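Participant: You'll find entry-v9.txt just under this line, and it carries compact mmCIF, C-alpha atoms.
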```txt
# COMPACT_ATOMS: atom_id res chain seq x y z
CA MET A 19 -85.31 67.37 33.00
CA ASN A 20 -82.18 69.36 32.17
CA TRP A 21 -78.74 68.00 31.39
CA VAL A 22 -77.59 67.98 35.03
CA ASP A 23 -80.59 65.81 35.97
CA GLU A 24 -79.92 63.49 33.06
CA ILE A 25 -76.25 63.14 33.97
CA SER A 26 -76.97 62.55 37.67
CA THR A 27 -79.60 59.93 36.83
CA GLY A 28 -77.13 58.30 34.43
CA VAL A 29 -74.33 58.36 37.01
CA THR A 30 -76.63 56.81 39.62
CA THR A 31 -77.63 54.02 37.24
CA VAL A 32 -74.06 53.32 36.13
CA MET A 33 -72.75 53.32 39.70
CA GLU A 34 -75.48 51.01 40.91
CA THR A 35 -74.73 48.62 38.06
CA ALA A 36 -70.96 48.75 38.24
CA ARG A 37 -70.37 48.81 41.98
CA ILE A 38 -69.28 45.54 43.50
CA PRO A 39 -70.59 44.35 46.86
CA ALA A 40 -68.68 45.74 49.84
CA GLN A 41 -65.72 43.61 50.89
CA ALA A 42 -65.30 42.58 54.50
CA VAL A 43 -62.59 44.32 56.52
CA PRO A 44 -59.96 41.88 57.90
CA GLY A 45 -60.69 41.03 61.53
CA ALA A 46 -57.46 42.42 63.03
CA LEU A 47 -57.80 45.73 61.17
CA LEU A 48 -61.42 45.99 62.18
CA LEU A 49 -60.54 45.45 65.84
CA CYS A 50 -57.95 48.27 65.76
CA GLU A 51 -60.29 50.57 63.81
CA VAL A 52 -63.32 50.05 66.05
CA SER A 53 -61.43 50.73 69.27
CA THR A 54 -60.27 54.16 68.04
CA ARG A 55 -63.48 55.46 66.48
CA PRO A 56 -65.03 58.47 68.22
CA GLY A 57 -68.62 57.93 67.05
CA LEU A 58 -70.88 60.32 65.15
CA SER A 59 -70.95 63.96 66.15
CA ALA A 60 -73.21 66.66 64.74
CA SER A 61 -70.71 69.38 65.64
CA VAL A 62 -67.86 67.63 63.86
CA LEU A 63 -70.04 67.02 60.81
CA ALA A 64 -71.17 70.66 60.69
CA GLY A 65 -67.61 71.86 61.26
CA ARG A 66 -66.19 69.78 58.43
CA ILE A 67 -68.93 70.88 56.03
CA ILE A 68 -68.43 74.57 56.87
CA ALA A 69 -64.66 74.15 56.55
CA ARG A 70 -65.16 73.03 52.95
CA PHE A 71 -67.41 75.95 51.99
CA HIS A 72 -64.46 77.72 50.37
CA GLU A 73 -64.46 74.96 47.71
CA ALA A 74 -67.91 76.16 46.63
CA ASP A 75 -67.23 79.86 47.24
CA ILE A 76 -69.99 79.90 49.86
CA PRO A 77 -69.48 82.74 52.35
CA THR A 78 -68.99 81.69 55.97
CA GLU A 79 -68.98 85.09 57.65
CA LYS A 80 -71.90 87.34 58.54
CA ASN A 81 -73.90 88.92 55.73
CA PRO A 82 -72.78 92.36 54.47
CA ASP A 83 -75.75 93.97 56.27
CA GLY A 84 -74.60 92.45 59.59
CA SER A 85 -77.34 89.82 59.75
CA ASP A 86 -76.59 86.19 60.58
CA ASN A 87 -75.47 83.83 57.84
CA VAL A 88 -78.46 81.56 57.31
CA ILE A 89 -76.49 78.88 55.45
CA ILE A 90 -74.32 78.23 58.50
CA LYS A 91 -77.43 77.85 60.65
CA LEU A 92 -78.94 75.55 58.01
CA VAL A 93 -75.85 73.33 58.05
CA LYS A 94 -75.95 73.10 61.85
CA ILE A 95 -79.63 72.11 61.79
CA MET A 96 -79.16 69.59 58.98
CA SER A 97 -76.14 68.04 60.70
CA ASP A 98 -77.98 67.84 64.04
CA GLU A 99 -80.97 66.18 62.47
CA VAL A 100 -79.02 63.72 60.32
CA VAL A 101 -76.91 62.60 63.28
CA ASN A 102 -79.89 62.51 65.67
CA CYS A 103 -81.92 60.52 63.16
CA ILE A 104 -79.14 57.95 62.79
CA LYS A 105 -78.38 57.75 66.51
CA ASP A 106 -81.97 57.76 67.76
CA ASN A 107 -83.77 55.79 65.08
CA ALA A 108 -81.38 53.61 63.10
CA VAL A 109 -81.27 49.90 63.86
CA VAL A 110 -78.47 47.66 62.66
CA PHE A 111 -79.39 44.13 61.66
CA SER A 112 -76.42 41.86 61.19
CA GLU A 113 -76.17 38.19 60.59
CA ILE A 114 -73.73 35.68 62.04
CA PRO A 115 -73.57 32.87 59.47
CA SER A 116 -73.40 29.29 60.66
CA GLY A 117 -69.85 28.02 61.16
CA MET A 118 -68.41 31.50 61.76
CA ILE A 119 -67.73 31.08 65.48
CA SER A 120 -65.41 28.35 66.72
CA VAL A 121 -65.57 27.13 70.29
CA THR A 122 -63.42 24.83 72.39
CA GLY A 123 -64.76 23.32 75.60
CA LEU A 124 -63.14 21.36 78.37
CA GLY A 125 -64.85 18.97 80.73
CA GLY A 126 -64.67 15.41 81.92
CA ASN A 127 -66.37 12.30 83.22
CA VAL A 128 -65.38 9.03 84.79
CA GLY A 129 -63.53 8.16 81.60
CA GLY A 130 -61.24 11.15 82.00
CA PRO A 131 -61.04 14.66 80.61
CA ILE A 132 -62.84 15.60 77.43
CA THR A 133 -62.00 18.36 75.00
CA VAL A 134 -64.70 19.29 72.53
CA ASN A 135 -64.42 21.50 69.46
CA GLY A 136 -67.31 22.93 67.54
CA LYS A 137 -68.92 25.79 65.72
CA ASN A 138 -72.22 27.60 65.79
CA ASP A 139 -74.44 25.44 63.65
CA LYS A 140 -77.29 27.84 62.92
CA PRO A 141 -77.19 31.40 61.58
CA ALA A 142 -78.20 34.09 64.05
CA MET A 143 -79.56 37.57 63.54
CA VAL A 144 -78.13 40.29 65.73
CA ARG A 145 -79.44 43.79 66.36
CA GLY A 146 -77.49 46.88 67.16
CA LEU A 147 -77.34 50.65 67.19
CA VAL A 148 -75.19 53.25 65.52
CA VAL A 149 -73.38 55.57 67.91
CA MET B 24 -92.48 79.04 68.29
CA ASN B 25 -92.35 81.21 65.17
CA ASN B 26 -95.21 80.22 62.96
CA LYS B 27 -97.89 77.68 62.19
CA ILE B 28 -95.59 75.53 60.08
CA GLU B 29 -93.28 74.97 63.08
CA ILE B 30 -96.23 74.12 65.33
CA LEU B 31 -97.54 71.71 62.71
CA SER B 32 -94.18 70.02 62.15
CA ASN B 33 -93.67 69.60 65.90
CA GLU B 34 -97.14 68.07 66.27
CA LEU B 35 -96.44 65.80 63.33
CA MET B 36 -93.15 64.66 64.88
CA SER B 37 -94.89 63.87 68.18
CA VAL B 38 -97.56 61.83 66.42
CA ILE B 39 -95.00 59.98 64.30
CA ASP B 40 -92.90 59.19 67.38
CA MET B 41 -95.97 57.79 69.14
CA VAL B 42 -97.27 55.61 66.32
CA ARG B 43 -94.04 54.23 64.88
CA PRO B 44 -93.58 50.61 65.94
CA PRO B 45 -90.11 49.27 66.76
CA ALA B 46 -88.21 47.94 63.74
CA GLN B 47 -89.06 44.34 63.00
CA GLY B 48 -86.39 41.73 62.39
CA ILE B 49 -85.69 40.75 58.81
CA PRO B 50 -85.96 37.04 57.98
CA LEU B 51 -82.46 35.56 58.02
CA MET B 52 -82.45 34.41 54.40
CA PHE B 53 -83.50 37.85 53.16
CA LEU B 54 -80.91 39.47 55.38
CA LEU B 55 -78.14 37.20 54.10
CA CYS B 56 -79.06 37.81 50.44
CA GLU B 57 -79.34 41.56 50.99
CA ILE B 58 -76.00 41.83 52.81
CA LEU B 59 -74.19 39.93 50.06
CA HIS B 60 -75.42 42.38 47.43
CA ARG B 61 -74.99 45.68 49.26
CA CYS B 62 -72.25 47.88 47.88
CA GLY B 63 -71.78 50.13 50.89
CA THR B 64 -72.52 53.83 51.22
CA SER B 65 -71.14 56.29 48.70
CA GLY B 66 -71.00 60.08 48.80
CA SER B 67 -71.25 60.31 45.02
CA LEU B 68 -74.27 58.06 44.94
CA LEU B 69 -76.01 60.05 47.67
CA TYR B 70 -75.21 63.28 45.84
CA ALA B 71 -76.52 61.90 42.54
CA GLY B 72 -79.73 60.79 44.27
CA ILE B 73 -80.25 64.22 45.82
CA VAL B 74 -79.62 66.03 42.53
CA THR B 75 -82.10 63.79 40.78
CA LYS B 76 -84.78 64.55 43.36
CA ILE B 77 -83.97 68.26 43.38
CA GLY B 78 -84.80 68.17 39.68
CA TRP B 79 -88.15 66.53 40.39
CA LEU B 80 -89.03 69.44 42.71
CA ASP B 81 -88.29 71.92 39.92
CA ILE B 82 -85.40 73.38 41.87
CA PRO B 83 -82.93 74.54 39.23
CA THR B 84 -80.01 72.16 38.81
CA GLY B 85 -78.24 73.99 35.97
CA LYS B 86 -76.18 77.15 36.14
CA ASN B 87 -77.85 80.30 37.42
CA GLU B 88 -79.47 82.67 34.95
CA ASP B 89 -76.55 85.10 35.22
CA GLY B 90 -74.15 82.26 34.32
CA SER B 91 -72.77 81.85 37.83
CA GLU B 92 -72.34 78.46 39.46
CA ASN B 93 -75.29 76.82 41.21
CA ILE B 94 -74.34 76.93 44.88
CA ILE B 95 -77.10 74.49 45.93
CA LEU B 96 -75.43 71.70 43.97
CA LYS B 97 -71.97 72.47 45.34
CA PHE B 98 -73.38 72.63 48.86
CA MET B 99 -75.20 69.31 48.48
CA LYS B 100 -72.02 67.68 47.12
CA ILE B 101 -70.05 68.75 50.19
CA PHE B 102 -72.91 67.75 52.49
CA SER B 103 -73.29 64.29 50.91
CA GLU B 104 -69.58 63.56 51.00
CA GLU B 105 -69.25 64.64 54.63
CA VAL B 106 -72.30 62.67 55.83
CA VAL B 107 -70.98 59.51 54.20
CA ARG B 108 -67.46 60.19 55.47
CA ALA B 109 -68.83 60.55 59.02
CA LEU B 110 -70.69 57.26 58.68
CA LYS B 111 -67.72 55.42 57.23
CA GLU B 112 -64.95 56.90 59.35
CA ASP B 113 -66.54 57.95 62.67
CA ALA B 114 -69.64 55.84 63.26
CA VAL B 115 -69.56 52.70 65.35
CA ALA B 116 -72.25 50.03 65.20
CA VAL B 117 -72.79 48.55 68.64
CA ASN B 118 -74.50 45.16 68.48
CA VAL B 119 -75.73 42.82 71.13
CA ILE B 120 -76.10 39.05 70.93
CA GLY B 121 -78.89 38.07 73.27
CA PRO B 122 -78.75 34.91 75.42
CA GLY B 123 -79.70 31.80 73.49
CA LYS B 124 -79.16 33.42 70.09
CA LEU B 125 -76.13 31.31 69.26
CA ILE B 126 -76.39 27.55 69.10
CA PHE B 127 -73.19 25.53 69.15
CA ARG B 128 -72.66 21.91 68.27
CA THR B 129 -69.40 20.48 69.56
CA GLU B 130 -67.86 17.05 69.36
CA GLY B 131 -65.13 15.30 71.35
CA GLY B 132 -64.50 12.19 73.35
CA ASN B 133 -62.27 10.11 75.57
CA VAL B 134 -61.79 6.46 76.41
CA GLY B 135 -65.42 6.36 77.51
CA GLY B 136 -66.50 7.09 73.96
CA GLY B 137 -67.49 9.98 71.78
CA THR B 138 -69.71 12.80 72.89
CA THR B 139 -71.72 15.46 71.10
CA ILE B 140 -72.65 18.55 73.05
CA MET B 141 -75.22 21.15 72.09
CA ALA B 142 -74.74 24.50 73.75
CA TYR B 143 -76.16 28.02 73.81
CA ASN B 144 -74.62 31.34 74.69
CA ASN B 145 -75.98 32.20 78.13
CA LEU B 146 -75.02 35.87 78.53
CA ASN B 147 -75.58 39.08 76.62
CA THR B 148 -72.54 39.78 74.49
CA GLN B 149 -71.83 43.18 73.05
CA TYR B 150 -69.64 43.68 70.03
CA LYS B 151 -68.79 46.61 67.83
CA GLY B 152 -68.54 47.02 64.09
CA VAL B 153 -68.08 49.69 61.46
CA ILE B 154 -70.34 50.93 58.68
CA GLN B 155 -69.18 50.57 55.10
```
Could you spell out this file's structure in structure tokens?
Facilitator:
Amino acid sequence: MNWVDEISTGVTTVMETARIPAQAVPGALLLCEVSTRPGLSASVLAGRIIARFHEADIPTEKNPDGSDNVIIKLVKIMSDEVVNCIKDNAVVFSEIPSGMISVTGLGGNVGGPITVNGKNDKPAMVRGLVV
Amino acid sequence: MNNKIEILSNELMSVIDMVRPPAQGIPLMFLLCEILHRCGTSGSLLYAGIVTKIGWLDIPTGKNEDGSENIILKFMKIFSEEVVRALKEDAVAVNVIGPGKLIFRTEGGNVGGGTTIMAYNNLNTQYKGVIQ
């Protein structure tokens, strides 16, 4: 194990110890954010990665001998597979805790109208997909 | 099809696709505990994990022999950050609440007396979320 390995292992350990649990996004912000999100795209991911290649001095044009740049092809394949794997295989499990959803109901009987207020009284597990 | 490795990997993928069962639900208590402790995705953490495993495979993680920078590490840093950015900023989690999944208990009343009503959701409801 060289010093880069040791540092990366150390960083991983420190980050796992020091990171606090993710905070919930306020409902109104979440609603605005969700409605504008485009979803995952392999092309966008590959494009953004290739656009940052200059930071690492990685060439993005063809090789000097005129052959194709293999790194660009590699990025396209990796991006395709990461996005496909998430879109085709990932399952989201989320939980709705009890008391999180409020309901109001209206009805009536011979005694007159009735208004009822309540909440979900049992937690529920919900499944979803990532798109 | 270029070589035997490609044929093998394609066969392997087909077999894996056939035998993999659908994901099973996680018991609610486990799910609740796990969600409360999760920190969210992190590009740095993903990068650190990849570098650690690159080291296990004896792929060099230091500078190159001629003293130049190790491009693999720089590449993986960009890749990790962009994957996590895509998940956090582009991805949408689409969830569905099946009929009967939610149980409501409501209370009210009128001159005839109090009433307690138990109710279920009776339609599929779709909602969206983000990934942190």
Participant: CA of Pro122 (chain B) to CA of Gly48 (chain B): how many Å, to one decimal?
Facilitator: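 So the two atoms, CA of Pro122 (chain B) and CA of Gly48 (chain B), lie 16.6 Å apart.
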Participant: Counting all atoms listed in the file, figure out which residue out of B:Asp40, B:Glu92, B:Glu105, B:Glu57 gets nearest to Ala74 (chain A).
Facilitator: B:Glu92
Participant: Specify as a PyMOL selection string all residues of chain A found within 8 Å of chain B, counting all atoms listed in the file.
Facilitator: chain A and resi 19-23+26-27+29-30+33+37-40+48+52+55-58+63+66-67+70-71+74+76+109-113+121-122+128-149
Participant: Could you check the closest approach to Asn102 (chain A) for each of A:Ile90, A:Ala60, A:Val32, A:Leu124 and tell me which residue wins, using all atoms listed in the file?
Facilitator: A:Ala60
Participant: Axis-aligned box over every listed atom of region 120-135 of chain A, padded by 5 Å per side: centre and edges in Å to one decimal, as JSON?
Facilitator:
```
{"center_x": -63.7, "center_y": 18.3, "center_z": 75.8, "size_x": 15.3, "size_y": 30.2, "size_z": 28.1}
```
Participant: Quick one: pull the distance between CA of Pro44 (chain B) and CA of Ile114 (chain A), Å, one decimal.
Facilitator: 25.1 Å
Participant: Please fill the gaps in region 140-154 of chain B so it has N, CA and C atoms, and write that as a short mmCIF file (atom, residue, chain, number, x, y, z; two decimals), in the coordinates of the input.
Facilitator:
```cif
data_model
loop_
_atom_site.label_atom_id
_atom_site.label_comp_id
_atom_site.auth_asym_id
_atom_site.auth_seq_id
_atom_site.Cartn_x
_atom_site.Cartn_y
_atom_site.Cartn_z
N ILE B 140 -72.05 17.60 72.10
CA ILE B 140 -72.65 18.55 73.05
C ILE B 140 -73.30 19.68 72.28
N MET B 141 -74.54 19.97 72.63
CA MET B 141 -75.22 21.15 72.09
C MET B 141 -75.17 22.23 73.17
N ALA B 142 -74.87 23.43 72.75
CA ALA B 142 -74.74 24.50 73.75
C ALA B 142 -75.31 25.81 73.22
N TYR B 143 -75.65 26.68 74.13
CA TYR B 143 -76.16 28.02 73.81
C TYR B 143 -75.28 29.05 74.50
N ASN B 144 -75.24 30.24 73.92
CA ASN B 144 -74.62 31.34 74.69
C ASN B 144 -75.59 31.72 75.80
N ASN B 145 -75.07 31.96 77.00
CA ASN B 145 -75.98 32.20 78.13
C ASN B 145 -75.89 33.61 78.70
N LEU B 146 -75.11 34.49 78.05
CA LEU B 146 -75.02 35.87 78.53
C LEU B 146 -75.18 36.83 77.35
N ASN B 147 -75.58 38.05 77.66
CA ASN B 147 -75.58 39.08 76.62
C ASN B 147 -74.14 39.37 76.23
N THR B 148 -73.89 39.43 74.95
CA THR B 148 -72.54 39.78 74.49
C THR B 148 -72.63 40.99 73.58
N GLN B 149 -71.81 41.98 73.87
CA GLN B 149 -71.83 43.18 73.05
C GLN B 149 -70.60 43.17 72.14
N TYR B 150 -70.80 43.52 70.91
CA TYR B 150 -69.64 43.68 70.03
C TYR B 150 -69.84 44.89 69.14
N LYS B 151 -68.73 45.39 68.63
CA LYS B 151 -68.79 46.61 67.83
C LYS B 151 -68.40 46.33 66.38
N GLY B 152 -68.90 47.14 65.49
CA GLY B 152 -68.54 47.02 64.09
C GLY B 152 -68.49 48.39 63.44
N VAL B 153 -68.13 48.42 62.18
CA VAL B 153 -68.08 49.69 61.46
C VAL B 153 -69.13 49.66 60.34
N ILE B 154 -69.37 50.82 59.78
CA ILE B 154 -70.34 50.93 58.68
C ILE B 154 -69.55 51.15 57.40
#
```
